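Below is coords24.txt, which holds compact mmCIF, C-alpha atoms.
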# COMPACT_ATOMS: atom_id res chain seq x y z
CA PRO A 587 9.49 96.95 204.14
CA TRP A 588 8.32 93.40 204.71
CA THR A 589 7.52 90.64 202.25
CA VAL A 590 4.90 88.13 203.38
CA ASP A 591 4.14 84.65 202.07
CA PHE A 592 0.79 83.23 203.18
CA GLU A 593 0.90 79.44 203.34
CA GLN A 594 -1.76 78.11 200.97
CA GLY A 595 -2.54 81.70 200.05
CA PRO A 596 -1.00 84.78 198.40
CA ARG A 597 2.81 84.85 198.08
CA GLY A 598 5.21 87.77 198.01
CA VAL A 599 2.74 90.31 199.41
CA ALA A 600 4.46 93.64 200.13
CA PHE A 601 3.76 95.22 203.51
CA PRO A 602 5.38 98.69 203.43
CA GLN A 603 4.24 99.01 207.04
CA LEU A 604 2.99 96.40 209.47
CA ILE A 605 -0.81 96.25 209.64
CA SER A 606 -3.42 93.69 210.59
CA TRP A 607 -4.32 91.28 207.82
CA THR A 608 -7.93 92.39 208.39
CA ALA A 609 -6.98 95.92 207.22
CA HIS A 610 -5.40 94.73 203.96
CA ALA A 611 -7.10 95.52 200.62
CA ASP A 612 -6.82 91.93 199.31
CA PRO A 613 -9.70 89.76 200.63
CA GLU A 614 -7.41 86.68 200.48
CA VAL A 615 -5.18 88.38 203.05
CA ARG A 616 -8.02 89.97 205.02
CA HIS A 617 -9.77 86.63 205.71
CA PHE A 618 -6.66 84.44 205.91
CA ALA A 619 -6.38 81.75 208.60
CA GLY A 620 -3.13 79.86 209.04
CA LEU A 621 0.58 80.60 208.84
CA ALA A 622 2.24 83.59 207.20
CA ARG A 623 6.00 84.13 206.87
CA TYR A 624 7.30 87.73 207.11
CA ARG A 625 10.79 88.55 205.84
CA ALA A 626 12.83 91.74 206.16
CA ARG A 627 16.48 92.65 205.76
CA PHE A 628 18.40 95.19 207.79
CA THR A 629 22.00 96.31 208.11
CA LEU A 630 23.70 96.39 211.49
CA PRO A 631 26.40 99.09 211.53
CA GLU A 632 29.96 98.32 212.59
CA GLY A 633 30.38 98.84 216.33
CA TRP A 634 26.66 98.72 217.17
CA ARG A 635 27.29 96.02 219.77
CA LYS A 636 29.90 97.19 222.21
CA ASN A 637 31.89 94.85 224.47
CA GLY A 638 29.85 91.80 223.46
CA GLN A 639 26.57 93.24 224.77
CA GLY A 640 23.50 91.17 224.05
CA ALA A 641 20.66 92.07 221.73
CA ARG A 642 17.04 91.11 221.40
CA ILE A 643 14.30 91.39 218.82
CA ASP A 644 11.16 93.11 220.09
CA LEU A 645 8.28 92.12 217.80
CA GLY A 646 5.91 94.72 219.25
CA ARG A 647 2.30 93.50 218.95
CA LEU A 648 1.04 90.45 217.12
CA TRP A 649 -1.79 87.92 216.97
CA ALA A 650 -1.54 85.05 217.79
CA ILE A 651 1.78 83.11 217.91
CA ALA A 652 5.20 83.95 216.41
CA GLU A 653 8.31 81.96 215.67
CA ALA A 654 11.37 83.89 214.53
CA THR A 655 14.71 83.17 212.88
CA LEU A 656 17.58 85.55 212.33
CA ASN A 657 20.01 84.70 209.54
CA GLY A 658 18.55 81.19 209.49
CA LYS A 659 19.14 80.60 213.22
CA PRO A 660 16.07 79.97 215.41
CA LEU A 661 15.32 82.64 218.02
CA GLY A 662 12.33 80.89 219.57
CA ILE A 663 8.57 81.12 219.89
CA ALA A 664 6.64 84.08 221.33
CA TRP A 665 3.01 83.54 222.32
CA THR A 666 2.48 86.11 225.03
CA ALA A 667 3.53 89.71 225.66
CA PRO A 668 6.17 90.98 225.72
CA PHE A 669 6.94 89.46 222.33
CA THR A 670 10.74 89.68 222.64
CA LEU A 671 13.36 87.11 221.69
CA GLU A 672 17.10 86.97 222.36
CA ALA A 673 19.03 87.67 219.14
CA GLY A 674 22.36 86.58 220.62
CA ALA A 675 24.94 85.05 218.31
CA ALA A 676 22.51 85.07 215.35
CA LEU A 677 22.99 88.83 214.91
CA ARG A 678 25.94 89.92 212.79
CA THR A 679 27.51 93.16 211.68
CA GLY A 680 26.34 94.04 208.17
CA GLU A 681 23.42 92.40 206.35
CA ASN A 682 20.87 90.43 208.41
CA GLU A 683 17.61 88.71 207.49
CA LEU A 684 14.80 88.39 210.00
CA ALA A 685 11.98 85.92 209.33
CA VAL A 686 8.90 85.83 211.53
CA GLU A 687 6.18 83.21 211.14
CA ILE A 688 2.79 84.21 212.50
CA VAL A 689 -0.08 81.79 213.04
CA ASN A 690 -3.60 82.99 213.73
CA THR A 691 -6.83 81.13 214.46
CA TRP A 692 -9.64 79.92 212.20
CA HIS A 693 -11.94 82.76 213.30
CA ASN A 694 -11.55 85.17 210.35
CA ARG A 695 -12.00 82.46 207.71
CA LEU A 696 -15.19 81.23 209.43
CA VAL A 697 -16.56 84.79 209.68
CA ALA A 698 -15.92 85.42 205.97
CA ASP A 699 -17.26 82.03 204.87
CA ALA A 700 -20.47 82.46 206.87
CA LYS A 701 -21.32 85.40 204.61
CA LEU A 702 -20.95 83.33 201.41
CA PRO A 703 -23.32 80.87 199.78
CA PRO A 704 -22.49 77.32 200.97
CA ALA A 705 -21.04 76.28 197.59
CA GLU A 706 -18.44 79.10 197.76
CA ARG A 707 -17.21 78.46 201.31
CA ARG A 708 -13.71 77.11 201.96
CA THR A 709 -14.54 75.71 205.37
CA ARG A 710 -17.09 73.28 206.73
CA THR A 711 -18.01 73.22 210.39
CA ASN A 712 -20.84 72.08 212.61
CA ILE A 713 -19.98 74.83 215.11
CA LEU A 714 -22.42 77.56 214.17
CA VAL A 715 -21.83 80.09 216.96
CA SER A 716 -18.95 81.64 218.87
CA MET A 717 -19.28 83.93 221.88
CA GLY A 718 -23.05 83.50 221.65
CA LYS A 719 -23.30 84.86 218.08
CA ARG A 720 -23.50 83.30 214.63
CA TRP A 721 -20.24 83.52 212.65
CA ALA A 722 -21.70 86.00 210.13
CA GLU A 723 -22.52 88.42 212.99
CA LEU A 724 -18.99 88.49 214.41
CA PRO A 725 -16.29 90.99 213.45
CA PRO A 726 -12.91 89.72 212.27
CA ILE A 727 -10.05 89.54 214.77
CA GLU A 728 -6.91 91.58 214.09
CA SER A 729 -4.27 89.11 212.90
CA GLY A 730 -0.62 89.18 211.91
CA LEU A 731 2.45 91.11 212.96
CA PHE A 732 1.64 94.71 213.90
CA GLY A 733 5.02 95.77 215.30
CA PRO A 734 6.82 97.94 215.66
CA VAL A 735 9.67 95.45 215.27
CA ARG A 736 12.83 96.75 216.91
CA LEU A 737 16.36 95.61 217.57
CA VAL A 738 17.16 96.42 221.21
CA ALA A 739 20.61 96.41 222.76
CA GLY A 740 21.09 94.43 225.97
CA ARG A 741 19.38 91.44 227.46
CA ARG A 742 15.84 91.14 228.84

For this file, produce the structure as structure tokens.
Amino acid sequence: PWTVDFEQGPRGVAFPQLISWTAHADPEVRHFAGLARYRARFTLPEGWRKNGQGARIDLGRLWAIAEATLNGKPLGIAWTAPFTLEAGAALRTGENELAVEIVNTWHNRLVADAKLPPAERRTRTNILVSMGKRWAELPPIESGLFGPVRLVAGRR
């Protein structure tokens, strides 16, 4: 299970499985634009890494950009598939904590706001169309970390 903190939004949201923010029941999550921090813990069994073999974190699918840390050590930024990062020396036998920050675009907030009366909108823009359509006519874009997130033995 993952815990997600949305910067300037909901905190401590439980994600029992990884889904798009647009599929979440909470409208604050569904229409969120910005940075969200995912956290999960896992236990690496004794002897999992044999003879100093490398390891990498495969983030699966995501939108749009990810930055990951493992046990507080930076793994790097992933912005194009395959979304994999070297885990290297950051991985340890026993308890580990993986944190993944995901940043999406402004699109979903603008789509949601376009359907509200002007006084209730969170955003202001003079850009009224995207892809030839008004914001209110556009569907939201899947956002977040979709996974599956896997620990993979070996190097890329």

**Report entry** Within 12 Å of segment 670-683 of chain A using all atoms listed in the file, minus same-chain residues under 6 positions, as a PyMOL selection string
**Finding:** chain A and resi 588-589+624-636+638-648+652-664+733-742

Once you have the residues from the selection above, write them out as a tab-separated table (two decimals), in the coordinates of the input, restricted to C-alpha atoms.
chain	number	residue	atom	x	y	z
A	588	TRP	CA	8.32	93.40	204.71
A	589	THR	CA	7.52	90.64	202.25
A	624	TYR	CA	7.30	87.73	207.11
A	625	ARG	CA	10.79	88.55	205.84
A	626	ALA	CA	12.83	91.74	206.16
A	627	ARG	CA	16.48	92.65	205.76
A	628	PHE	CA	18.40	95.19	207.79
A	629	THR	CA	22.00	96.31	208.11
A	630	LEU	CA	23.70	96.39	211.49
A	631	PRO	CA	26.40	99.09	211.53
A	632	GLU	CA	29.96	98.32	212.59
A	633	GLY	CA	30.38	98.84	216.33
A	634	TRP	CA	26.66	98.72	217.17
A	635	ARG	CA	27.29	96.02	219.77
A	636	LYS	CA	29.90	97.19	222.21
A	638	GLY	CA	29.85	91.80	223.46
A	639	GLN	CA	26.57	93.24	224.77
A	640	GLY	CA	23.50	91.17	224.05
A	641	ALA	CA	20.66	92.07	221.73
A	642	ARG	CA	17.04	91.11	221.40
A	643	ILE	CA	14.30	91.39	218.82
A	644	ASP	CA	11.16	93.11	220.09
A	645	LEU	CA	8.28	92.12	217.80
A	646	GLY	CA	5.91	94.72	219.25
A	647	ARG	CA	2.30	93.50	218.95
A	648	LEU	CA	1.04	90.45	217.12
A	652	ALA	CA	5.20	83.95	216.41
A	653	GLU	CA	8.31	81.96	215.67
A	654	ALA	CA	11.37	83.89	214.53
A	655	THR	CA	14.71	83.17	212.88
A	656	LEU	CA	17.58	85.55	212.33
A	657	ASN	CA	20.01	84.70	209.54
A	658	GLY	CA	18.55	81.19	209.49
A	659	LYS	CA	19.14	80.60	213.22
A	660	PRO	CA	16.07	79.97	215.41
A	661	LEU	CA	15.32	82.64	218.02
A	662	GLY	CA	12.33	80.89	219.57
A	663	ILE	CA	8.57	81.12	219.89
A	664	ALA	CA	6.64	84.08	221.33
A	733	GLY	CA	5.02	95.77	215.30
A	734	PRO	CA	6.82	97.94	215.66
A	735	VAL	CA	9.67	95.45	215.27
A	736	ARG	CA	12.83	96.75	216.91
A	737	LEU	CA	16.36	95.61	217.57
A	738	VAL	CA	17.16	96.42	221.21
A	739	ALA	CA	20.61	96.41	222.76
A	740	GLY	CA	21.09	94.43	225.97
A	741	ARG	CA	19.38	91.44	227.46
A	742	ARG	CA	15.84	91.14	228.84

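Residue nearest Leu714 of chain A within the list A:Val697, A:Val686, A:Ile605, A:Val590: A:Val697 [criterion: smallest interatomic distance, all atoms listed in the file].
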
Report task. For atom CA of Thr666 of chain A and atom CA of Ile727 of chain A, quote the distance in Å rounded to one decimal. Result -> 16.6 Å

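The coordinates place atom CA of Gln594 of chain A at 9.2 Å from atom CA of Ala622 of chain A.
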
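Coordinates place atom CA of Trp692 of chain A at a distance of 11.9 Å from atom CA of Ile713 of chain A.
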
Query raised in the report: Ala650 of chain A: which residues within 12 Å, counting all atoms listed in the file, same-chain residues fewer than 5 positions away excluded, as a VMD selection string?
Result: chain A and resid 606 619 to 622 663 to 667 669 687 to 693 727 to 732

Please write the residues from the selection above to a file, keeping C-alpha atoms, as a PDB file, keeping the file's coordinate frame.
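That gives us out.pdb:
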ATOM      1  CA  SER A 606      -3.420  93.690 210.590  1.00  0.00           C
ATOM      2  CA  ALA A 619      -6.380  81.750 208.600  1.00  0.00           C
ATOM      3  CA  GLY A 620      -3.130  79.860 209.040  1.00  0.00           C
ATOM      4  CA  LEU A 621       0.580  80.600 208.840  1.00  0.00           C
ATOM      5  CA  ALA A 622       2.240  83.590 207.200  1.00  0.00           C
ATOM      6  CA  ILE A 663       8.570  81.120 219.890  1.00  0.00           C
ATOM      7  CA  ALA A 664       6.640  84.080 221.330  1.00  0.00           C
ATOM      8  CA  TRP A 665       3.010  83.540 222.320  1.00  0.00           C
ATOM      9  CA  THR A 666       2.480  86.110 225.030  1.00  0.00           C
ATOM     10  CA  ALA A 667       3.530  89.710 225.660  1.00  0.00           C
ATOM     11  CA  PHE A 669       6.940  89.460 222.330  1.00  0.00           C
ATOM     12  CA  GLU A 687       6.180  83.210 211.140  1.00  0.00           C
ATOM     13  CA  ILE A 688       2.790  84.210 212.500  1.00  0.00           C
ATOM     14  CA  VAL A 689      -0.080  81.790 213.040  1.00  0.00           C
ATOM     15  CA  ASN A 690      -3.600  82.990 213.730  1.00  0.00           C
ATOM     16  CA  THR A 691      -6.830  81.130 214.460  1.00  0.00           C
ATOM     17  CA  TRP A 692      -9.640  79.920 212.200  1.00  0.00           C
ATOM     18  CA  HIS A 693     -11.940  82.760 213.300  1.00  0.00           C
ATOM     19  CA  ILE A 727     -10.050  89.540 214.770  1.00  0.00           C
ATOM     20  CA  GLU A 728      -6.910  91.580 214.090  1.00  0.00           C
ATOM     21  CA  SER A 729      -4.270  89.110 212.900  1.00  0.00           C
ATOM     22  CA  GLY A 730      -0.620  89.180 211.910  1.00  0.00           C
ATOM     23  CA  LEU A 731       2.450  91.110 212.960  1.00  0.00           C
ATOM     24  CA  PHE A 732       1.640  94.710 213.900  1.00  0.00           C
TER      25      PHE A 732
END

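Shortest atom-to-atom contact with Arg720 of chain A among A:Ala705, A:Ala609, A:Ala700, A:Leu684: A:Ala700, counting all atoms listed in the file.
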